[in-house]
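Text of structure_12.pdb (PDB, C-alpha atoms and all ligand atoms) as supplied:
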MODEL        1
ATOM      1  CA  MET N  69       0.000   0.000   0.000
ATOM      2  CA  SER N  70       2.683   2.443   0.973
ATOM      3  CA  ILE N  71       4.650   1.602  -2.186
ATOM      4  CA  ILE N  72       1.617   2.428  -4.340
ATOM      5  CA  LYS N  73       1.130   5.640  -2.409
ATOM      6  CA  LYS N  74       4.762   6.591  -2.972
ATOM      7  CA  LEU N  75       4.393   5.779  -6.661
ATOM      8  CA  GLU N  76       1.295   7.999  -6.885
ATOM      9  CA  ASP N  77       3.108  10.775  -5.085
ATOM     10  CA  SER N  78       6.006  10.569  -7.463
ATOM     11  CA  ILE N  79       3.699  10.617 -10.509
ATOM     12  CA  TRP N  80       1.980  13.713  -9.170
ATOM     13  CA  ALA N  81       5.335  15.282  -8.432
ATOM     14  CA  LYS N  82       6.388  14.616 -12.043
ATOM     15  CA  VAL N  83       3.135  16.058 -13.408
ATOM     16  CA  ILE N  84       3.505  19.189 -11.295
ATOM     17  CA  LEU N  85       7.156  19.532 -12.318
ATOM     18  CA  ALA N  86       6.200  19.148 -15.982
ATOM     19  CA  VAL N  87       3.546  21.856 -15.643
ATOM     20  CA  ILE N  88       6.042  24.202 -13.974
ATOM     21  CA  VAL N  89       8.594  23.597 -16.741
ATOM     22  CA  VAL N  90       6.008  24.382 -19.430
ATOM     23  CA  VAL N  91       4.922  27.589 -17.645
ATOM     24  CA  ILE N  92       8.536  28.758 -17.289
ATOM     25  CA  ALA N  93       9.220  27.956 -20.940
ATOM     26  CA  PHE N  94       6.228  30.041 -22.048
ATOM     27  CA  ALA N  95       7.218  32.928 -19.775
ATOM     28  CA  ALA N  96      10.789  32.863 -21.066
ATOM     29  CA  ARG N  97       9.583  32.795 -24.663
ATOM     30  CA  SER N  98       7.316  35.793 -24.227
ATOM     31  CA  VAL N  99      10.131  37.739 -22.523
ATOM     32  CA  LEU N 100      12.472  36.908 -25.409
ATOM     33  CA  GLU N 101       9.847  37.899 -27.978
ATOM     34  CA  ASN N 102       9.269  41.223 -26.225
ATOM     35  CA  LYS N 103      13.004  41.815 -26.187
ATOM     36  CA  HIS N 104      13.145  41.102 -29.864
ATOM     37  CA  GLU N 105      10.390  43.648 -30.572
ATOM     38  CA  GLU N 106      12.066  46.313 -28.461
ATOM     39  CA  SER N 107      15.432  45.840 -30.141
ATOM     40  CA  GLN N 108      14.084  46.476 -33.643
ATOM     41  CA  ILE N 109      16.097  49.684 -33.727
ATOM     42  CA  ASP N 110      19.652  48.565 -34.323
ATOM     43  CA  LYS N 111      22.873  50.423 -34.993
ATOM     44  CA  GLN N 112      22.341  50.456 -38.746
ATOM     45  CA  THR N 113      18.771  51.778 -38.515
ATOM     46  CA  ALA N 114      19.819  54.380 -35.960
ATOM     47  CA  GLY N 115      22.744  55.635 -38.068
ATOM     48  CA  LYS N 116      20.636  55.812 -41.214
ATOM     49  CA  THR N 117      17.844  57.646 -39.396
ATOM     50  CA  ILE N 118      20.214  60.231 -37.921
ATOM     51  CA  ARG N 119      21.845  60.858 -41.335
ATOM     52  CA  GLU N 120      18.583  61.129 -43.235
ATOM     53  CA  THR N 121      16.440  63.072 -40.764
ATOM     54  CA  SER N 122      16.738  66.838 -40.591
ATOM     55  CA  TYR N 123      17.218  68.556 -37.249
ATOM     56  CA  ALA N 124      14.117  69.835 -35.539
ATOM     57  CA  GLU N 125      13.846  73.613 -35.384
ATOM     58  CA  ALA N 126      14.057  75.436 -32.094
ATOM     59  CA  VAL N 127      10.802  77.077 -31.028
ATOM     60  CA  PRO N 128      10.735  80.880 -30.674
ATOM     61  CA  GLU N 129      11.110  82.509 -27.253
ATOM     62  CA  ASP N 130       7.386  83.220 -26.980
ATOM     63  CA  ASP N 131       6.302  79.619 -27.648
ATOM     64  CA  SER N 132       3.345  78.782 -25.399
ATOM     65  CA  ILE N 133       4.665  75.422 -24.163
ATOM     66  CA  LEU N 134       8.115  76.943 -23.602
ATOM     67  CA  GLN N 135       6.452  79.533 -21.362
ATOM     68  CA  VAL N 136       4.817  76.726 -19.355
ATOM     69  CA  PHE N 137       8.238  75.085 -19.007
ATOM     70  CA  LYS N 138       9.885  78.323 -17.864
ATOM     71  CA  ASN N 139       7.185  78.891 -15.285
ATOM     72  CA  THR N 140       7.825  75.442 -13.839
ATOM     73  CA  TYR N 141      11.634  75.551 -14.115
ATOM     74  CA  PRO N 142      12.452  79.261 -13.744
ATOM     75  CA  THR N 143      16.153  78.679 -12.999
ATOM     76  CA  ALA N 144      16.824  76.222 -15.853
ATOM     77  CA  GLU N 145      18.653  77.726 -18.825
ATOM     78  CA  VAL N 146      16.988  76.464 -22.007
ATOM     79  CA  LEU N 147      19.594  75.337 -24.558
ATOM     80  CA  LEU N 148      17.201  73.874 -27.132
ATOM     81  CA  ALA N 149      13.447  73.307 -27.247
ATOM     82  CA  CYS N 150      11.625  71.644 -30.144
ATOM     83  CA  ARG N 151       7.958  70.982 -30.709
ATOM     84  CA  GLU N 152       6.452  67.710 -31.883
ATOM     85  CA  ASP N 153       3.572  65.448 -30.933
ATOM     86  CA  VAL N 154       5.558  62.687 -29.258
ATOM     87  CA  THR N 155       2.591  61.079 -27.475
ATOM     88  CA  ASP N 156       0.554  60.364 -30.628
ATOM     89  CA  ASP N 157      -2.550  62.246 -29.465
ATOM     90  CA  GLY N 158      -2.499  64.949 -32.146
ATOM     91  CA  LEU N 159      -1.368  67.686 -29.752
ATOM     92  CA  ASP N 160       2.098  69.244 -29.720
ATOM     93  CA  ASP N 161       4.514  68.448 -26.930
ATOM     94  CA  LEU N 162       7.891  70.068 -26.251
ATOM     95  CA  VAL N 163      11.290  68.418 -25.882
ATOM     96  CA  VAL N 164      13.522  70.701 -23.844
ATOM     97  CA  ILE N 165      17.283  70.420 -23.337
ATOM     98  CA  CYS N 166      18.356  72.717 -20.537
ATOM     99  CA  LYS N 167      21.185  73.507 -18.194
ATOM    100  CA  MET N 168      20.308  72.781 -14.593
ATOM    101  CA  GLU N 169      22.395  72.947 -11.426
ATOM    102  CA  GLU N 170      23.171  69.216 -11.679
ATOM    103  CA  GLY N 171      24.144  69.400 -15.363
ATOM    104  CA  ASN N 172      22.423  69.356 -18.736
ATOM    105  CA  ARG N 173      19.073  67.640 -18.748
ATOM    106  CA  THR N 174      16.332  66.658 -21.189
ATOM    107  CA  ILE N 175      12.746  67.144 -20.041
ATOM    108  CA  VAL N 176       9.731  66.301 -22.189
ATOM    109  CA  VAL N 177       6.667  68.465 -21.651
ATOM    110  CA  THR N 178       3.582  66.556 -22.763
ATOM    111  CA  ASP N 179       0.105  67.860 -23.444
ATOM    112  CA  LYS N 180      -2.547  66.696 -20.988
ATOM    113  CA  GLY N 181      -5.205  66.905 -23.699
ATOM    114  CA  ASP N 182      -6.336  70.549 -23.589
ATOM    115  CA  SER N 183      -3.247  72.390 -24.972
ATOM    116  CA  THR N 184      -3.186  74.329 -21.686
ATOM    117  CA  ASN N 185      -2.082  71.864 -19.027
ATOM    118  CA  TYR N 186       1.103  69.871 -19.346
ATOM    119  CA  ASP N 187       2.977  67.033 -17.670
ATOM    120  CA  PHE N 188       6.747  67.026 -17.179
ATOM    121  CA  SER N 189       8.922  63.953 -17.542
ATOM    122  CA  ASP N 190      11.676  63.267 -15.026
ATOM    123  CA  PRO N 191      14.873  65.068 -16.121
ATOM    124  CA  ILE N 192      17.399  62.776 -17.807
ATOM    125  CA  ALA N 193      21.061  63.419 -18.676
ATOM    126  CA  ALA N 194      21.585  65.433 -21.883
ATOM    127  CA  PRO N 195      24.708  66.080 -23.975
ATOM    128  CA  VAL N 196      27.102  68.798 -22.838
ATOM    129  CA  GLU N 197      27.414  70.617 -26.171
ATOM    130  CA  ASN N 198      26.178  70.802 -29.764
ATOM    131  CA  GLN N 199      22.803  69.307 -28.807
ATOM    132  CA  LYS N 200      20.428  68.436 -31.639
ATOM    133  CA  ILE N 201      16.949  66.970 -31.628
ATOM    134  CA  GLN N 202      15.414  64.928 -34.430
ATOM    135  CA  PHE N 203      11.920  63.499 -34.676
ATOM    136  CA  LYS N 204      11.150  60.420 -36.724
ATOM    137  CA  ASN N 205       8.631  57.615 -36.466
ATOM    138  CA  ILE N 206      11.342  55.000 -36.931
ATOM    139  CA  ASP N 207       9.130  51.910 -36.579
ATOM    140  CA  LYS N 208       6.254  53.700 -38.376
ATOM    141  CA  GLU N 209       3.996  52.835 -35.443
ATOM    142  CA  GLY N 210       2.431  54.808 -32.632
ATOM    143  CA  GLU N 211       4.568  57.507 -31.098
ATOM    144  CA  ILE N 212       7.167  59.465 -33.015
ATOM    145  CA  GLU N 213      10.617  58.639 -31.672
ATOM    146  CA  ILE N 214      12.925  61.334 -30.306
ATOM    147  CA  ILE N 215      16.592  61.295 -31.288
ATOM    148  CA  ILE N 216      19.006  63.365 -29.250
ATOM    149  CA  THR N 217      22.593  63.818 -30.382
ATOM    150  CA  GLY N 218      25.421  65.810 -28.895
ATOM    151  CA  GLU N 219      29.057  66.049 -27.973
ATOM    152  CA  LYS N 220      31.450  66.527 -25.098
ATOM    153  CA  LYS N 221      35.023  67.493 -25.956
ATOM    154  CA  GLY N 222      34.675  65.867 -29.374
ATOM    155  CA  ALA N 223      33.079  62.639 -28.098
ATOM    156  CA  VAL N 224      29.849  62.158 -30.025
ATOM    157  CA  GLY N 225      26.829  60.306 -28.715
ATOM    158  CA  TYR N 226      23.180  59.800 -29.394
ATOM    159  CA  ALA N 227      20.102  58.162 -27.935
ATOM    160  CA  ILE N 228      16.687  57.299 -29.322
ATOM    161  CA  TYR N 229      13.716  57.661 -27.010
ATOM    162  CA  ARG N 230      10.040  56.843 -27.154
ATOM    163  CA  MET N 231       7.506  58.333 -24.762
ATOM    164  CA  ILE N 232       5.994  55.566 -22.640
ATOM    165  CA  ASP N 233       3.720  56.510 -19.735
ATOM    166  CA  GLY N 234       4.924  60.103 -19.810
ATOM    167  CA  GLN N 235       8.634  59.273 -19.669
ATOM    168  CA  PRO N 236      11.224  59.123 -22.456
ATOM    169  CA  VAL N 237      12.373  55.492 -22.616
ATOM    170  CA  ASP N 238      15.831  54.879 -24.072
ATOM    171  CA  LEU N 239      15.368  52.470 -27.004
ATOM    172  CA  PHE N 240      18.843  52.546 -28.452
ATOM    173  CA  GLY N 241      21.913  54.689 -28.134
ATOM    174  CA  GLU N 242      25.639  54.906 -28.371
ATOM    175  CA  GLY N 243      28.249  56.978 -26.598
ATOM    176  CA  MET N 244      25.622  58.946 -24.677
ATOM    177  CA  GLU N 245      27.512  58.474 -21.388
ATOM    178  CA  ASP N 246      30.612  60.019 -23.017
ATOM    179  CA  CYS N 247      28.849  63.185 -24.150
ATOM    180  CA  CYS N 248      26.591  63.862 -21.154
TER     181      CYS N 248
HETATM  182 CA    CA Y 301       1.032  65.020 -27.691
HETATM  183 CA    CA Y 302       7.104  54.926 -33.309
ENDMDL
END

Would you encode the structure as structure tokens?
Ligand SMILES: [Ca+2]
Ligand SMILES: [Ca+2]
Amino acid sequence: MSIIKKLEDSIWAKVILAVIVVVIAFAARSVLENKHEESQIDKQTAGKTIRETSYAEAVPEDDSILQVFKNTYPTAEVLLACREDVTDDGLDDLVVICKMEEGNRTIVVTDKGDSTNYDFSDPIAAPVENQKIQFKNIDKEGEIEIIITGEKKGAVGYAIYRMIDGQPVDLFGEGMEDCC
């Protein structure tokens, strides 16, 4: 009797183990697939995009979103600010590169939906000099991607961001740590 019981236990243990293995395999596969989707922007695509996309124009001093930014960050020195709808809602947002006490930072000001109220992303490190902003919907889907390039003592770097939940998420980049 006890041998049969042990046998049953071991069969159940094997079944449970098999189920766990299958679940882990599925989880791992979906993680890998997601990774694959996120890494669609590779070095070649990034380089081509930067070469072929013109630089975004700086907004004038009296730009309405720039005024909102200055009211919120009165001590930040704006180095470059460019308008584009980077949240794919049809309303302009503003990508601002500014000099703050802690160094140069990029902050994205996004429209809340009424062209009057705006959200601010957390400041992220920005290049020290020769900052440029480009906008291009690289994957031709959803949000327009933001490309920031710059230099520090001749070291060139760039990063490609996409706005996700109000924050610029770094999709691909190179040398950014050397130029920030
Ligand atoms: Ca927008
Ligand atoms: Ca896109």

(request) Please return, as a ChimeraX atom specification, all polymer residues that have at least one atom within 12 Å of the point (-5.9, 70.7, -22.9); use all atoms listed in the file and the file's own coordinate frame. (result) /N:133,157-161,178-187

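For the choices N:Glu125, N:Glu245, N:Asp77, N:Asp110, the atom-to-atom distance to N:Lys200 is smallest for N:Glu125 when using only C-alpha atoms.
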
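Here atom CA of N:Ser189 and atom CA of N:Leu162 stand 10.7 Å from one another.
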
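Using only C-alpha atoms and all ligand atoms as the basis for the distance check, residues found within 9 Å of ligand CA 302 (chain Y) are Val154, Asp156, Lys204, Asn205, Ile206, Asp207, Lys208, Glu209, Gly210, Glu211, Ile212, Glu213 and Arg230 of chain N.
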
(request) Any chance you could resolve the PyMOL selection byres (((chain N and resi 122) around 9) and not hetatm) against this file and give the residues as a ChimeraX atom specification? (result) /N:118-121,123-124,201-203

(request) Choose the residue, out of N:Ala194, N:Val146, N:Val163, N:Ile175, that has the smallest atom-to-atom separation from ligand CA 301 (chain Y); count all atoms listed in the file. (result) N:Val163

(request) Just say which residues the PyMOL selection byres (((chain N and resi 143) around 10) and not hetatm) picks in this file, as a PyMOL selection string. (result) chain N and resi 138-142+144-146+166-169

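Counting all atoms listed in the file, the residue from N:Ala96, N:Val224, N:Val176, N:Met244 that sits nearest to ligand CA 301 (chain Y) is N:Val176.
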
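Atom CA of N:Arg173 to atom CA of N:Thr113 spans 25.3 Å [interatomic distance, one decimal].
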
(message) I need the output of the PyMOL selection byres (((chain N and resi 197) around 9) and not hetatm) for this file as a ChimeraX atom specification; which residues are they?
(response) /N:194-196,198-199,218-221,247-248

(request) Would you work out the distance separating atom CA of N:Ala126 from atom CA of N:Cys150, expressed in Å to one decimal? (result) 4.9 Å

(message) Under the rule that only C-alpha atoms and all ligand atoms are counted, which of N:Val89, N:Leu239, N:Met231, N:Ile79 is the nearest residue to ligand CA 301 (chain Y)?
(response) N:Met231

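Of the listed residues (N:Pro128, N:Pro191, N:Gly225, N:Gly171), N:Gly225 comes nearest to N:Gly241; the distances count only C-alpha atoms.
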
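In this comparison, which uses all atoms listed in the file, the residue of N:Asp190, N:Asp153, N:Asp131, N:Glu76 approaching ligand CA 301 (chain Y) most closely is N:Asp153.
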
Centre and edge lengths of an axis-aligned box around all listed atoms of stretch 143-149 of chain N, with 4 Å added on each side, are to be given in Å to one decimal, as AutoDock Vina command-line options.
--center_x 16.5 --center_y 76.0 --center_z -20.1 --size_x 14.1 --size_y 13.4 --size_z 22.2
